[in-house]
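Below is one structure; the comments refer to it alone.
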Amino acid sequence: MFSTILFLALFGSSFAFLFHDEPEWNSLKVTWGANPFNSNYFDKMPRTTKDAEKAGFQKISDCDAEASFRGTRYVLHHDNVLVLLYDVNGYIAGIQLMIPTNQPNGYPPASLQPPYIKDGDNYLLTAYFVDPSIICTTGRKASDFETQGTGTNLYIQNGTSPESDSILIPYEQKGMKGTKWTLGKCFPTMGVHYWYDTSRDMDCDNFFPVFLMYNRGKLTGFGWSTAADLKTTRFEHPPTLALRLFFKTVPKCLVEAKVRSTMHIYLNGNVLSDLC
């Protein structure tokens with residue numbers, strides 16, 4: 001695994017040398033893996049409903065301005081863990097994690113509800129790539145999508161009202177100064193990690209299930225980090241020893257955890273040039 005990572009780092013350095021442009025949100029990929037040629041890793045997601053339907057995604061609900069989230073929702077082959085959100089014009093607007101409420105370990109605890117929002121027999125984690133207020137109203141035009149790409153900003157929903165309860169994430173890394181986001185470590189093909197308000201002796205019932213990734217001072221991705229036992233190939237299951245690669249100070253409760261499920265979500269196309 002680590003020899004593959006070294007290869008990625010060296011290859012990514014060559015890529016970065018050849019292409020000096022600033023990170024752009026010109027893609028949407030999910031799931032990190034040591035082998036970039038494995039189809040389960042860095043899987044490119046459709047950014048329009050037209051492409052989603054061509055790829056076999058199925059619509060599970062329409063855009064509803066009265067719901068506790070925003071967007072027309074699509075899943076692939078009933079793999080409900082990963083949900084793609086589109087606006088009223090069919091352009092990508094966000095992404096959700098959906099997990100059953102009957103987790104054997106009782107996850108998520110009440111202290112994490114929100115950001116987890118109960119929806120029937122599932123809990124949802126939701127992130128938006130555009131202002132939630134436009135998703136089920138005006139949406140984006142073709143010209144907007146052409147110039148903005150995947151989105152304009154990252155919003156993490158942290159309550160039942162997407163418009164008023166969503167957290168706007170700084171696009172520039174320097175905007176993290178003075179916030180409760182905790183600086184983690186750089187990892188090639190990911191970026192500089194940030195975790196929310198973490199410490200060595202924290203209680204994992206308060207471990208915010210979202211992390212951020214920055215490259216060259218710009219936000220290029222984020223991810224879910226959950227204690228739900230998710231067997232789908234969409235999720236990674238990092239071993240205990242790997243935690244020190246992502247945290248400067250690893251919370252003891254994470255070391256002791258029996259279940260770890262993470263998903264990296266990339267907003268830029270050049271994943272191999274993500275060298276922090």
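Labeling convention for the structure tokens: chains A, B, ... as they appear, residues from 1 per chain, ligands from 1 in order of appearance.
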* To do: Could you give me the residues within stretch 82-206 of chain A that DSSP places in strand (DSSP E), as a PyMOL selection string?
  => chain A and resi 82-86+92-100+117-119+122-128+154-157+166-169+181-187+191-196
* Selection: 12 Å around A:Glu146, only C-alpha atoms, excl. self and same-chain fewer than 2 positions, as a ChimeraX atom specification -> /A:25-27,47-48,91-92,140-144,148-152
Would you pick out the contacts of A:Gly191 at 10 Å or less, using only C-alpha atoms, so that residues sharing its chain but fewer than 5 positions from it are not included, and give the list as a PDB file with N, CA and C atoms, in the first residue's frame?
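Heads up, here's the output in selection-v4.pdb:
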ATOM      1  N   GLY A 184      -5.021  19.101  10.491  1.00  0.00           N
ATOM      2  CA  GLY A 184      -4.463  17.755  10.489  1.00  0.00           C
ATOM      3  C   GLY A 184      -3.228  17.696   9.623  1.00  0.00           C
ATOM      4  N   LYS A 185      -2.990  16.543   9.025  1.00  0.00           N
ATOM      5  CA  LYS A 185      -1.780  16.344   8.235  1.00  0.00           C
ATOM      6  C   LYS A 185      -2.066  16.316   6.742  1.00  0.00           C
ATOM      7  N   CYS A 186      -0.992  16.547   5.989  1.00  0.00           N
ATOM      8  CA  CYS A 186      -1.047  16.409   4.533  1.00  0.00           C
ATOM      9  C   CYS A 186      -0.901  14.946   4.157  1.00  0.00           C
ATOM     10  N   LEU A 212     -12.313  18.091   5.946  1.00  0.00           N
ATOM     11  CA  LEU A 212     -12.056  18.945   4.788  1.00  0.00           C
ATOM     12  C   LEU A 212     -10.659  18.678   4.239  1.00  0.00           C
ATOM     13  N   MET A 213     -10.448  18.955   2.943  1.00  0.00           N
ATOM     14  CA  MET A 213      -9.142  18.770   2.319  1.00  0.00           C
ATOM     15  C   MET A 213      -8.795  20.003   1.483  1.00  0.00           C
ATOM     16  N   TYR A 214      -7.599  20.544   1.723  1.00  0.00           N
ATOM     17  CA  TYR A 214      -7.120  21.718   1.003  1.00  0.00           C
ATOM     18  C   TYR A 214      -5.839  21.394   0.242  1.00  0.00           C
ATOM     19  N   ASN A 215      -5.719  21.960  -0.955  1.00  0.00           N
ATOM     20  CA  ASN A 215      -4.513  21.834  -1.756  1.00  0.00           C
ATOM     21  C   ASN A 215      -4.156  23.195  -2.326  1.00  0.00           C
ATOM     22  N   ARG A 216      -2.889  23.564  -2.212  1.00  0.00           N
ATOM     23  CA  ARG A 216      -2.408  24.857  -2.685  1.00  0.00           C
ATOM     24  C   ARG A 216      -3.267  26.015  -2.165  1.00  0.00           C
ATOM     25  N   GLY A 217      -3.705  25.840  -0.917  1.00  0.00           N
ATOM     26  CA  GLY A 217      -4.459  26.896  -0.255  1.00  0.00           C
ATOM     27  C   GLY A 217      -5.922  26.973  -0.615  1.00  0.00           C
ATOM     28  N   LYS A 218      -6.423  26.027  -1.436  1.00  0.00           N
ATOM     29  CA  LYS A 218      -7.816  26.049  -1.871  1.00  0.00           C
ATOM     30  C   LYS A 218      -8.533  24.762  -1.462  1.00  0.00           C
ATOM     31  N   LEU A 219      -9.807  24.874  -1.183  1.00  0.00           N
ATOM     32  CA  LEU A 219     -10.621  23.711  -0.856  1.00  0.00           C
ATOM     33  C   LEU A 219     -10.832  22.863  -2.108  1.00  0.00           C
ATOM     34  N   THR A 220     -10.390  21.622  -2.068  1.00  0.00           N
ATOM     35  CA  THR A 220     -10.534  20.737  -3.222  1.00  0.00           C
ATOM     36  C   THR A 220     -11.384  19.510  -2.922  1.00  0.00           C
ATOM     37  N   GLY A 221     -11.741  19.316  -1.667  1.00  0.00           N
ATOM     38  CA  GLY A 221     -12.559  18.150  -1.348  1.00  0.00           C
ATOM     39  C   GLY A 221     -12.906  18.108   0.125  1.00  0.00           C
ATOM     40  N   PHE A 222     -13.667  17.091   0.477  1.00  0.00           N
ATOM     41  CA  PHE A 222     -14.085  16.882   1.860  1.00  0.00           C
ATOM     42  C   PHE A 222     -14.450  15.408   1.988  1.00  0.00           C
ATOM     43  N   PHE A 246      -3.248  11.256   9.201  1.00  0.00           N
ATOM     44  CA  PHE A 246      -4.272  12.263   8.904  1.00  0.00           C
ATOM     45  C   PHE A 246      -4.485  13.262  10.029  1.00  0.00           C
ATOM     46  N   VAL A 271      -6.747  14.584  -9.207  1.00  0.00           N
ATOM     47  CA  VAL A 271      -6.526  14.017  -7.880  1.00  0.00           C
ATOM     48  C   VAL A 271      -5.044  13.714  -7.635  1.00  0.00           C
ATOM     49  N   SER A 273      -2.542  15.286  -8.512  1.00  0.00           N
ATOM     50  CA  SER A 273      -1.747  16.486  -8.226  1.00  0.00           C
ATOM     51  C   SER A 273      -2.104  17.100  -6.885  1.00  0.00           C
ATOM     52  N   ASP A 274      -2.930  16.396  -6.111  1.00  0.00           N
ATOM     53  CA  ASP A 274      -3.298  16.872  -4.767  1.00  0.00           C
ATOM     54  C   ASP A 274      -2.178  16.537  -3.793  1.00  0.00           C
ATOM     55  N   LEU A 275      -1.198  17.422  -3.712  1.00  0.00           N
ATOM     56  CA  LEU A 275      -0.019  17.193  -2.884  1.00  0.00           C
ATOM     57  C   LEU A 275       0.089  18.226  -1.757  1.00  0.00           C
ATOM     58  N   CYS A 276      -0.999  18.901  -1.514  1.00  0.00           N
ATOM     59  CA  CYS A 276      -1.127  19.861  -0.403  1.00  0.00           C
ATOM     60  C   CYS A 276      -0.526  21.213  -0.722  1.00  0.00           C
TER      61      CYS A 276
END
* To do: Please identify all polymer residues within 9 Å of stretch 253-265 of chain A, counting only C-alpha atoms, omitting same-chain residues fewer than 5 positions from it, and present them as a ChimeraX atom specification.
  => /A:28-32,42,190,200-204,209,211,220-231,234-241,243
Just the selected residues (C-alpha atoms), exported as a short mmCIF file (atom, residue, chain, number, x, y, z; two decimals), in the first residue's frame, please.
data_model
loop_
_atom_site.label_atom_id
_atom_site.label_comp_id
_atom_site.auth_asym_id
_atom_site.auth_seq_id
_atom_site.Cartn_x
_atom_site.Cartn_y
_atom_site.Cartn_z
CA LEU A 28 -16.95 15.08 -8.66
CA LYS A 29 -15.25 11.86 -7.58
CA VAL A 30 -15.71 9.61 -4.58
CA THR A 31 -13.72 7.01 -2.63
CA TRP A 32 -9.97 7.02 -2.11
CA PHE A 42 -11.83 7.93 -7.54
CA MET A 190 -5.94 13.85 -0.55
CA ARG A 200 -6.63 13.69 22.17
CA ASP A 201 -9.10 13.14 25.03
CA MET A 202 -12.32 14.09 23.27
CA ASP A 203 -15.47 11.95 23.42
CA CYS A 204 -16.22 10.41 20.02
CA PRO A 209 -18.48 13.33 10.87
CA PHE A 211 -13.49 16.46 7.29
CA THR A 220 -10.53 20.74 -3.22
CA GLY A 221 -12.56 18.15 -1.35
CA PHE A 222 -14.08 16.88 1.86
CA GLY A 223 -15.40 13.63 3.24
CA TRP A 224 -17.55 11.68 5.63
CA SER A 225 -16.03 9.98 8.69
CA THR A 226 -18.53 7.82 10.50
CA ALA A 227 -18.77 5.00 13.05
CA ALA A 228 -21.55 3.34 11.05
CA ASP A 229 -20.64 -0.15 9.81
CA LEU A 230 -20.91 0.41 6.05
CA LYS A 231 -19.85 -2.55 3.88
CA ARG A 234 -18.04 3.36 -1.62
CA PHE A 235 -16.45 3.50 1.82
CA GLU A 236 -12.88 3.11 3.06
CA HIS A 237 -12.00 1.46 6.36
CA PRO A 238 -8.65 2.89 7.50
CA PRO A 239 -6.64 0.75 9.95
CA THR A 240 -5.70 2.16 13.33
CA LEU A 241 -2.07 2.73 12.34
CA LEU A 243 -4.84 7.51 11.69
#
* Fewer than 5 positions away in the same chain doesn't count, so skip those; otherwise give me all residues within 6 Å of stretch 112-129 of chain A, counting only C-alpha atoms, as a count of residues only. => 17
* To do: Apply DSSP to the backbone of this structure and, from stretch 34-209 of chain A, keep only the residues in helix (DSSP H, G or I); write these as a VMD selection string.
  => chain A and resid 49 to 54 110 to 112 132 to 135 142 to 148 162 to 165 173 to 176 204 to 206
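Relative to atom CA of A:Tyr41, atom CA of A:Thr233 is found at 8.7 Å.
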